[in-house]
>>> print(open('my_file.csv').read())   # CSV, C-alpha atoms
chain,number,residue,atom,x,y,z
A,26,MET,CA,8.3,-133.6,-23.4
A,27,THR,CA,11.8,-132.9,-24.6
A,28,VAL,CA,14.4,-131.8,-22.2
A,29,ARG,CA,18.0,-131.9,-23.5
A,30,ILE,CA,21.2,-130.7,-22.0
A,31,GLN,CA,23.9,-130.8,-24.6
A,32,ILE,CA,27.2,-129.3,-25.8
A,33,ALA,CA,26.3,-129.2,-29.5
A,34,ASP,CA,24.5,-126.3,-31.0
A,35,PHE,CA,20.8,-126.7,-31.9
A,36,ASP,CA,19.0,-125.7,-35.0
A,37,LEU,CA,15.8,-123.8,-34.4
A,38,ALA,CA,14.2,-124.7,-37.7
A,39,SER,CA,14.6,-128.5,-37.2
A,40,GLU,CA,13.4,-128.4,-33.6
A,41,HIS,CA,10.4,-126.3,-34.7
A,42,GLN,CA,9.6,-128.7,-37.5
A,43,ALA,CA,10.0,-131.7,-35.1
A,44,LEU,CA,7.5,-130.1,-32.7
A,45,ARG,CA,5.1,-129.3,-35.5
A,46,GLN,CA,5.1,-132.9,-36.7
A,47,LEU,CA,4.2,-134.2,-33.2
A,48,GLY,CA,0.7,-133.2,-33.2
A,49,GLY,CA,-2.7,-132.3,-34.2
A,50,LYS,CA,-4.8,-129.5,-32.6
A,51,THR,CA,-1.8,-127.1,-32.7
A,52,GLY,CA,-2.8,-123.6,-33.3
A,53,ALA,CA,0.3,-121.8,-32.0
A,54,ILE,CA,4.0,-122.4,-31.5
A,55,VAL,CA,6.0,-119.9,-29.4
A,56,SER,CA,9.8,-120.0,-29.3
A,57,PHE,CA,12.4,-118.3,-27.1
A,58,THR,CA,16.2,-118.4,-27.9
A,59,GLY,CA,18.8,-117.2,-25.4
A,60,LEU,CA,22.1,-116.1,-26.8
A,61,VAL,CA,25.5,-115.3,-25.3
A,62,ARG,CA,25.6,-111.5,-25.0
A,63,ASP,CA,28.8,-109.9,-26.3
A,64,TYR,CA,29.0,-107.2,-23.6
A,65,PHE,CA,29.0,-106.9,-19.9
A,66,GLU,CA,28.9,-103.3,-18.6
A,67,ASP,CA,31.7,-101.6,-20.6
A,68,GLN,CA,33.6,-104.8,-21.4
A,69,THR,CA,33.4,-107.1,-24.5
A,70,ILE,CA,32.5,-110.7,-23.7
A,71,LEU,CA,34.5,-113.0,-25.8
A,72,ALA,CA,33.1,-116.3,-24.6
A,73,MET,CA,31.2,-118.1,-21.8
A,74,THR,CA,31.6,-121.4,-20.0
A,75,LEU,CA,28.4,-123.0,-18.8
A,76,GLU,CA,28.3,-125.8,-16.3
A,77,HIS,CA,25.4,-127.7,-14.7
A,78,TYR,CA,24.6,-130.4,-12.1
A,79,PRO,CA,23.9,-133.6,-14.1
A,80,GLY,CA,21.0,-135.5,-12.4
A,81,MET,CA,19.4,-132.4,-10.9
A,82,THR,CA,19.2,-130.2,-14.0
A,83,GLU,CA,17.0,-132.6,-15.9
A,84,LYS,CA,14.7,-133.1,-12.9
A,85,VAL,CA,14.3,-129.4,-12.3
A,86,LEU,CA,13.5,-128.7,-16.0
A,87,GLU,CA,11.0,-131.5,-16.2
A,88,ASP,CA,9.4,-130.2,-13.0
A,89,ILE,CA,9.2,-126.7,-14.5
A,90,GLU,CA,7.5,-128.1,-17.6
A,91,GLN,CA,5.0,-130.0,-15.4
A,92,GLN,CA,4.2,-126.8,-13.5
A,93,ALA,CA,3.6,-125.0,-16.9
A,94,ARG,CA,1.3,-127.8,-18.0
A,95,ALA,CA,-0.7,-127.6,-14.8
A,96,ARG,CA,-1.4,-123.9,-15.4
A,97,TRP,CA,-1.9,-123.8,-19.2
A,98,ASP,CA,-3.3,-125.9,-21.9
A,99,LEU,CA,-0.2,-127.1,-23.7
A,100,LEU,CA,0.5,-129.7,-26.4
A,101,GLU,CA,4.3,-130.0,-26.8
A,102,VAL,CA,7.2,-128.5,-24.9
A,103,ALA,CA,10.9,-128.6,-25.8
A,104,ILE,CA,13.6,-127.2,-23.6
A,105,ILE,CA,17.2,-127.5,-24.9
A,106,HIS,CA,20.1,-125.9,-23.0
A,107,ARG,CA,23.7,-126.0,-24.0
A,108,VAL,CA,26.7,-126.4,-21.7
A,109,GLY,CA,30.4,-126.1,-22.2
A,110,TYR,CA,32.4,-123.4,-23.9
A,111,LEU,CA,30.3,-121.0,-26.0
A,112,ASP,CA,31.6,-118.0,-28.1
A,113,ALA,CA,29.9,-114.6,-27.9
A,114,ASN,CA,26.6,-114.5,-29.9
A,115,GLU,CA,26.2,-118.3,-29.8
A,116,GLN,CA,22.9,-119.9,-28.9
A,117,ILE,CA,22.5,-121.0,-25.2
A,118,VAL,CA,18.9,-122.1,-24.7
A,119,LEU,CA,15.8,-122.9,-26.7
A,120,VAL,CA,12.3,-123.2,-25.3
A,121,LEU,CA,9.5,-124.2,-27.7
A,122,VAL,CA,5.8,-124.4,-26.6
A,123,SER,CA,2.8,-125.5,-28.7
A,124,SER,CA,-0.8,-125.1,-27.8
A,125,GLY,CA,-4.2,-124.8,-29.4
A,126,HIS,CA,-4.1,-121.1,-28.4
A,127,ARG,CA,-1.5,-118.4,-28.5
A,128,GLN,CA,-2.2,-117.0,-25.0
A,129,ASP,CA,-1.3,-120.3,-23.4
A,130,ALA,CA,1.8,-120.7,-25.5
A,131,PHE,CA,3.2,-117.2,-24.9
A,132,LEU,CA,2.6,-117.3,-21.1
A,133,ALA,CA,4.0,-120.8,-20.7
A,134,CYS,CA,7.1,-120.0,-22.6
A,135,GLN,CA,7.8,-116.9,-20.4
A,136,PHE,CA,7.0,-118.9,-17.3
A,137,ILE,CA,9.4,-121.7,-18.2
A,138,MET,CA,12.2,-119.2,-18.9
A,139,ASP,CA,11.6,-117.2,-15.7
A,140,PHE,CA,11.7,-120.4,-13.6
A,141,LEU,CA,14.7,-121.9,-15.5
A,142,LYS,CA,16.7,-118.7,-14.8
A,143,THR,CA,16.0,-118.9,-11.1
A,144,GLN,CA,15.9,-122.6,-10.3
A,145,ALA,CA,17.8,-124.7,-12.9
A,146,PRO,CA,21.3,-125.6,-11.7
A,147,PHE,CA,23.4,-124.0,-14.4
A,148,TRP,CA,26.2,-121.5,-13.8
A,149,LYS,CA,27.8,-119.1,-16.3
A,150,LYS,CA,31.4,-117.8,-16.4
A,151,GLU,CA,32.0,-115.0,-18.7
A,152,HIS,CA,35.4,-114.4,-20.3
A,153,THR,CA,36.6,-111.0,-21.2
A,154,SER,CA,40.1,-109.6,-22.1
A,155,LEU,CA,40.5,-109.0,-18.3
A,156,GLY,CA,39.9,-112.7,-17.5
A,157,GLY,CA,36.9,-114.8,-16.4
A,158,HIS,CA,34.3,-113.9,-13.9
A,159,TRP,CA,31.3,-115.9,-12.6
A,160,VAL,CA,28.0,-114.3,-13.4
A,161,THR,CA,26.0,-113.3,-10.3
A,162,ALA,CA,22.3,-114.0,-10.1
A,163,LYS,CA,20.2,-111.0,-10.7
A,164,GLN,CA,17.7,-109.6,-8.2
A,165,SER,CA,15.5,-108.7,-11.2
A,166,ASP,CA,15.2,-112.4,-12.2
A,167,GLN,CA,14.0,-113.3,-8.7
A,168,GLU,CA,11.5,-110.4,-8.8
A,169,GLN,CA,10.3,-111.6,-12.2
A,170,VAL,CA,9.7,-115.2,-11.1
A,171,GLU,CA,7.8,-114.0,-8.0
A,172,GLN,CA,5.2,-112.3,-10.3
A,173,TRP,CA,3.9,-115.7,-11.2
B,20,MET,CA,27.7,-139.6,1.8
B,21,LYS,CA,28.9,-137.7,-1.2
B,22,ILE,CA,29.3,-133.9,-1.1
B,23,LYS,CA,29.6,-131.9,-4.4
B,24,TYR,CA,30.6,-128.3,-4.9
B,25,PHE,CA,29.8,-126.3,-8.0
B,26,ALA,CA,30.9,-123.2,-9.9
B,27,ALA,CA,32.5,-120.3,-7.9
B,28,LEU,CA,32.2,-122.2,-4.7
B,29,ARG,CA,34.2,-125.1,-6.1
B,30,ASP,CA,36.8,-122.6,-7.4
B,31,LYS,CA,37.1,-121.1,-3.9
B,32,LEU,CA,37.4,-124.4,-2.1
B,33,GLY,CA,39.6,-126.1,-4.8
B,34,LEU,CA,37.4,-129.2,-4.5
B,35,ASP,CA,34.6,-130.5,-6.7
B,36,GLU,CA,33.5,-133.5,-4.6
B,37,GLU,CA,34.3,-135.6,-1.6
B,38,GLU,CA,33.2,-138.7,0.2
B,39,PHE,CA,32.2,-137.8,3.8
B,40,GLU,CA,31.2,-140.0,6.7
B,41,LEU,CA,28.5,-138.4,8.9
B,42,SER,CA,29.3,-138.5,12.6
B,43,GLY,CA,26.5,-139.1,15.1
B,44,ASP,CA,25.8,-135.5,15.8
B,45,ILE,CA,25.2,-134.3,12.2
B,46,HIS,CA,21.6,-134.8,11.1
B,47,ASN,CA,20.8,-131.9,8.9
B,48,VAL,CA,22.4,-129.6,6.4
B,49,ALA,CA,23.0,-126.8,8.9
B,50,ALA,CA,25.0,-129.1,11.1
B,51,LEU,CA,27.0,-130.4,8.1
B,52,LYS,CA,27.7,-126.8,7.0
B,53,ASN,CA,28.9,-125.9,10.5
B,54,HIS,CA,31.2,-128.9,10.6
B,55,LEU,CA,32.7,-128.0,7.1
B,56,GLN,CA,33.3,-124.4,8.3
B,57,GLN,CA,35.6,-125.8,11.0
B,58,ARG,CA,38.1,-126.7,8.3
B,59,LYS,CA,40.9,-124.1,7.7
B,60,SER,CA,40.5,-121.2,5.4
B,61,PRO,CA,38.9,-120.8,2.9
B,62,TRP,CA,36.1,-123.1,4.2
B,63,ASN,CA,34.9,-120.7,6.9
B,64,GLU,CA,34.6,-117.7,4.5
B,65,ALA,CA,33.3,-119.7,1.5
B,66,LEU,CA,30.4,-121.2,3.4
B,67,ALA,CA,29.5,-118.2,5.5
B,68,GLU,CA,25.9,-117.1,5.6
B,69,HIS,CA,26.3,-113.9,3.6
B,70,GLN,CA,27.8,-115.9,0.7
B,71,LEU,CA,24.3,-117.2,-0.1
B,72,VAL,CA,25.3,-120.8,-0.5
B,73,LEU,CA,22.4,-123.0,-1.7
B,74,VAL,CA,22.0,-126.7,-1.1
B,75,ALA,CA,20.4,-129.6,-2.8
B,76,VAL,CA,20.0,-133.1,-1.2
B,77,ASN,CA,19.5,-135.9,-3.7
B,78,HIS,CA,18.9,-133.4,-6.5
B,79,VAL,CA,16.2,-131.5,-4.7
B,80,GLN,CA,16.8,-128.0,-3.4
B,81,GLY,CA,16.8,-127.9,0.4
B,82,ASP,CA,17.8,-125.7,3.3
B,83,GLY,CA,19.5,-125.8,6.7
B,84,GLN,CA,16.7,-127.9,8.2
B,85,THR,CA,16.8,-130.6,5.5
B,86,LYS,CA,17.7,-133.9,7.1
B,87,ILE,CA,20.6,-136.0,5.8
B,88,ASN,CA,22.1,-139.5,6.2
B,89,ASN,CA,25.1,-141.4,4.9
B,90,GLN,CA,23.3,-142.6,1.7
B,91,ASP,CA,22.5,-139.0,0.5
B,92,GLU,CA,24.2,-136.8,-2.1
B,93,VAL,CA,24.5,-133.2,-0.9
B,94,ALA,CA,25.5,-130.4,-3.2
B,95,PHE,CA,26.5,-126.9,-2.3
B,96,PHE,CA,26.4,-124.1,-4.9
B,97,PRO,CA,26.0,-120.4,-5.6
B,98,PRO,CA,22.7,-118.9,-6.8
B,99,VAL,CA,22.0,-120.3,-10.3
B,100,THR,CA,22.6,-118.3,-13.5
B,101,GLY,CA,21.4,-120.4,-16.4
B,102,GLY,CA,19.2,-119.5,-19.4
>>> encode(input="my_file.csv", output="structure tokens")
Amino acid sequence: MTVRIQIADFDLASEHQALRQLGGKTGAIVSFTGLVRDYFEDQTILAMTLEHYPGMTEKVLEDIEQQARARWDLLEVAIIHRVGYLDANEQIVLVLVSSGHRQDAFLACQFIMDFLKTQAPFWKKEHTSLGGHWVTAKQSDQEQVEQW
Amino acid sequence: MKIKYFAALRDKLGLDEEEFELSGDIHNVAALKNHLQQRKSPWNEALAEHQLVLVAVNHVQGDGQTKINNQDEVAFFPPVTGG
């Protein structure tokens, strides 16, 4: 289990390699990378500030991972989420899941992201030329997580 | 107890955390919230029901019925937007 909250950027290839090296029986590794979008409606997003609730964030992510493990047959899981000031197009979050089988890896990865987006205590503030605005939680994310 | 405020809520209130002594008649989150709303503006508007303020007690999401005591850490925050 790897759950990291960090300011520094992550490197997909090294994280992927580290996961590969952890174990036998791996048949599939699925990865998801979330990036800072460079647009919001008709405005250009220049950057984003991300904050979180230290102490609670790690607990929630570990709990989400445990829920995924209870539902699917997983080997390794890595969740890395950045915080701080991020420029447009930078990486925000990485989820890596390995399994003996691709179905479990695909579904667990989506599950983890859907729950992260609706439960993990992070908050984003987008910066445009008009100033900063807090991102509001989307109804569609809530509907998505209820599908599970 | 410690009360923490995050994100847009913190900006509205101008406060990120405070030490708070629970009085005898505050036993749950709803009672605490009501008490905080008695402070002058912007507390009343910022913590109003329609603002969808969420709460965690000792790092676990709760609701109005969640019981609290002076050893707890309570956090109020807007709906989350990570990922």
>>> interface_residues(input="my_file.csv", of="chain B", to="chain A", cutoff="12 Å", atoms="all atoms listed in the file", output="MDAnalysis selection string")
chainID B and resid 23:31 35 70:71 73:81 92:102
>>> write_last_selection(input="my_file.csv", atoms="C-alpha atoms", output="tab-separated table (two decimals), in the frame of the given file")
chain	number	residue	atom	x	y	z
B	23	LYS	CA	29.60	-131.90	-4.40
B	24	TYR	CA	30.60	-128.30	-4.90
B	25	PHE	CA	29.80	-126.30	-8.00
B	26	ALA	CA	30.90	-123.20	-9.90
B	27	ALA	CA	32.50	-120.30	-7.90
B	28	LEU	CA	32.20	-122.20	-4.70
B	29	ARG	CA	34.20	-125.10	-6.10
B	30	ASP	CA	36.80	-122.60	-7.40
B	31	LYS	CA	37.10	-121.10	-3.90
B	35	ASP	CA	34.60	-130.50	-6.70
B	70	GLN	CA	27.80	-115.90	0.70
B	71	LEU	CA	24.30	-117.20	-0.10
B	73	LEU	CA	22.40	-123.00	-1.70
B	74	VAL	CA	22.00	-126.70	-1.10
B	75	ALA	CA	20.40	-129.60	-2.80
B	76	VAL	CA	20.00	-133.10	-1.20
B	77	ASN	CA	19.50	-135.90	-3.70
B	78	HIS	CA	18.90	-133.40	-6.50
B	79	VAL	CA	16.20	-131.50	-4.70
B	80	GLN	CA	16.80	-128.00	-3.40
B	81	GLY	CA	16.80	-127.90	0.40
B	92	GLU	CA	24.20	-136.80	-2.10
B	93	VAL	CA	24.50	-133.20	-0.90
B	94	ALA	CA	25.50	-130.40	-3.20
B	95	PHE	CA	26.50	-126.90	-2.30
B	96	PHE	CA	26.40	-124.10	-4.90
B	97	PRO	CA	26.00	-120.40	-5.60
B	98	PRO	CA	22.70	-118.90	-6.80
B	99	VAL	CA	22.00	-120.30	-10.30
B	100	THR	CA	22.60	-118.30	-13.50
B	101	GLY	CA	21.40	-120.40	-16.40
B	102	GLY	CA	19.20	-119.50	-19.40
>>> closest_residue(input="my_file.csv", among="A:Leu121, A:Ala130, A:Met73, A:Ile54", to="A:Leu37", atoms="all atoms listed in the file")
A:Leu121
>>> atom_distance(input="my_file.csv", atom1="atom CA of A:Thr27", atom2="atom CA of A:Cys134")
13.9 Å
>>> closest_residue(input="my_file.csv", among="A:Val28, A:Ala103, A:Ala53, A:Val170", to="A:Glu87", atoms="only C-alpha atoms")
A:Val28
>>> residues_around(input="my_file.csv", residues="B:Lys21", least_positions_apart="5", cutoff="9 Å", atoms="only C-alpha atoms", output="count of residues only")
11
>>> residues_around(input="my_file.csv", residues="B:Gly43", least_positions_apart="5", cutoff="12 Å", atoms="only C-alpha atoms", output="NGL selection string")
:B and (50-51 or 87-89)
>>> write_last_selection(input="my_file.csv", atoms="C-alpha atoms", output="PDB file, keeping the file's coordinate frame")
ATOM      1  CA  ALA B  50      25.000-129.100  11.100  1.00  0.00           C
ATOM      2  CA  LEU B  51      27.000-130.400   8.100  1.00  0.00           C
ATOM      3  CA  ILE B  87      20.600-136.000   5.800  1.00  0.00           C
ATOM      4  CA  ASN B  88      22.100-139.500   6.200  1.00  0.00           C
ATOM      5  CA  ASN B  89      25.100-141.400   4.900  1.00  0.00           C
TER       6      ASN B  89
END
>>> build_atoms(input="my_file.csv", residues="stretch 65-76 of chain A", atoms="all heavy atoms", output="tab-separated table (two decimals), in the coordinates of the input")
chain	number	residue	atom	x	y	z
A	65	PHE	N	29.38	-106.91	-21.29
A	65	PHE	CA	29.00	-106.90	-19.90
A	65	PHE	C	29.51	-105.53	-19.36
A	65	PHE	O	30.71	-105.26	-19.35
A	65	PHE	CB	29.73	-108.03	-19.12
A	65	PHE	CG	29.68	-107.88	-17.63
A	65	PHE	CD1	28.47	-108.00	-16.96
A	65	PHE	CD2	30.82	-107.62	-16.90
A	65	PHE	CE1	28.41	-107.87	-15.58
A	65	PHE	CE2	30.78	-107.49	-15.51
A	65	PHE	CZ	29.57	-107.61	-14.86
A	66	GLU	N	28.58	-104.67	-18.98
A	66	GLU	CA	28.90	-103.30	-18.60
A	66	GLU	C	29.72	-102.68	-19.74
A	66	GLU	O	29.27	-102.64	-20.87
A	66	GLU	CB	29.56	-103.23	-17.24
A	66	GLU	CG	28.58	-103.66	-16.16
A	66	GLU	CD	29.21	-103.81	-14.78
A	66	GLU	OE1	30.44	-103.65	-14.64
A	66	GLU	OE2	28.45	-104.09	-13.84
A	67	ASP	N	30.95	-102.25	-19.48
A	67	ASP	CA	31.70	-101.60	-20.60
A	67	ASP	C	32.74	-102.59	-21.18
A	67	ASP	O	33.62	-102.18	-21.92
A	67	ASP	CB	32.41	-100.38	-20.05
A	67	ASP	CG	33.31	-100.71	-18.86
A	67	ASP	OD1	33.19	-101.81	-18.30
A	67	ASP	OD2	34.15	-99.86	-18.51
A	68	GLN	N	32.62	-103.88	-20.85
A	68	GLN	CA	33.60	-104.80	-21.40
A	68	GLN	C	32.99	-105.69	-22.50
A	68	GLN	O	31.80	-105.96	-22.49
A	68	GLN	CB	34.05	-105.79	-20.30
A	68	GLN	CG	34.88	-105.15	-19.21
A	68	GLN	CD	34.99	-106.09	-18.04
A	68	GLN	OE1	35.39	-107.25	-18.20
A	68	GLN	NE2	34.61	-105.62	-16.87
A	69	THR	N	33.84	-106.14	-23.40
A	69	THR	CA	33.40	-107.10	-24.50
A	69	THR	C	33.53	-108.48	-23.92
A	69	THR	O	34.58	-108.85	-23.40
A	69	THR	CB	34.32	-106.92	-25.68
A	69	THR	OG1	34.31	-105.55	-26.09
A	69	THR	CG2	33.82	-107.79	-26.83
A	70	ILE	N	32.48	-109.24	-24.05
A	70	ILE	CA	32.50	-110.70	-23.70
A	70	ILE	C	32.98	-111.44	-24.89
A	70	ILE	O	32.41	-111.31	-25.97
A	70	ILE	CB	31.18	-111.15	-23.18
A	70	ILE	CG1	30.89	-110.53	-21.82
A	70	ILE	CG2	31.18	-112.68	-23.05
A	70	ILE	CD1	29.56	-110.91	-21.26
A	71	LEU	N	34.00	-112.26	-24.69
A	71	LEU	CA	34.50	-113.00	-25.80
A	71	LEU	C	33.89	-114.41	-25.86
A	71	LEU	O	33.67	-114.97	-26.93
A	71	LEU	CB	36.06	-113.20	-25.61
A	71	LEU	CG	36.79	-111.85	-25.46
A	71	LEU	CD1	38.23	-112.06	-25.01
A	71	LEU	CD2	36.74	-111.06	-26.76
A	72	ALA	N	33.61	-114.96	-24.68
A	72	ALA	CA	33.10	-116.30	-24.60
A	72	ALA	C	32.48	-116.55	-23.25
A	72	ALA	O	32.59	-115.71	-22.35
A	72	ALA	CB	34.16	-117.33	-24.91
A	73	MET	N	31.85	-117.72	-23.10
A	73	MET	CA	31.20	-118.10	-21.80
A	73	MET	C	31.42	-119.57	-21.60
A	73	MET	O	31.38	-120.35	-22.55
A	73	MET	CB	29.75	-117.73	-21.91
A	73	MET	CG	28.88	-118.37	-20.87
A	73	MET	SD	27.14	-117.97	-21.16
A	73	MET	CE	27.15	-116.24	-20.74
A	74	THR	N	31.64	-119.95	-20.35
A	74	THR	CA	31.60	-121.40	-20.00
A	74	THR	C	30.41	-121.63	-19.16
A	74	THR	O	30.14	-120.89	-18.21
A	74	THR	CB	32.89	-121.76	-19.19
A	74	THR	OG1	34.04	-121.20	-19.80
A	74	THR	CG2	33.04	-123.25	-19.11
A	75	LEU	N	29.67	-122.66	-19.49
A	75	LEU	CA	28.40	-123.00	-18.80
A	75	LEU	C	28.58	-124.37	-18.17
A	75	LEU	O	28.89	-125.32	-18.89
A	75	LEU	CB	27.27	-123.04	-19.76
A	75	LEU	CG	26.33	-121.88	-19.70
A	75	LEU	CD1	25.62	-121.70	-21.01
A	75	LEU	CD2	25.29	-122.13	-18.61
A	76	GLU	N	28.33	-124.50	-16.87
A	76	GLU	CA	28.30	-125.80	-16.30
A	76	GLU	C	26.95	-126.09	-15.64
A	76	GLU	O	26.14	-125.17	-15.49
A	76	GLU	CB	29.43	-125.98	-15.22
A	76	GLU	CG	29.23	-125.18	-13.96
A	76	GLU	CD	30.36	-125.45	-12.95
A	76	GLU	OE1	31.49	-124.99	-13.19
A	76	GLU	OE2	30.08	-126.10	-11.93
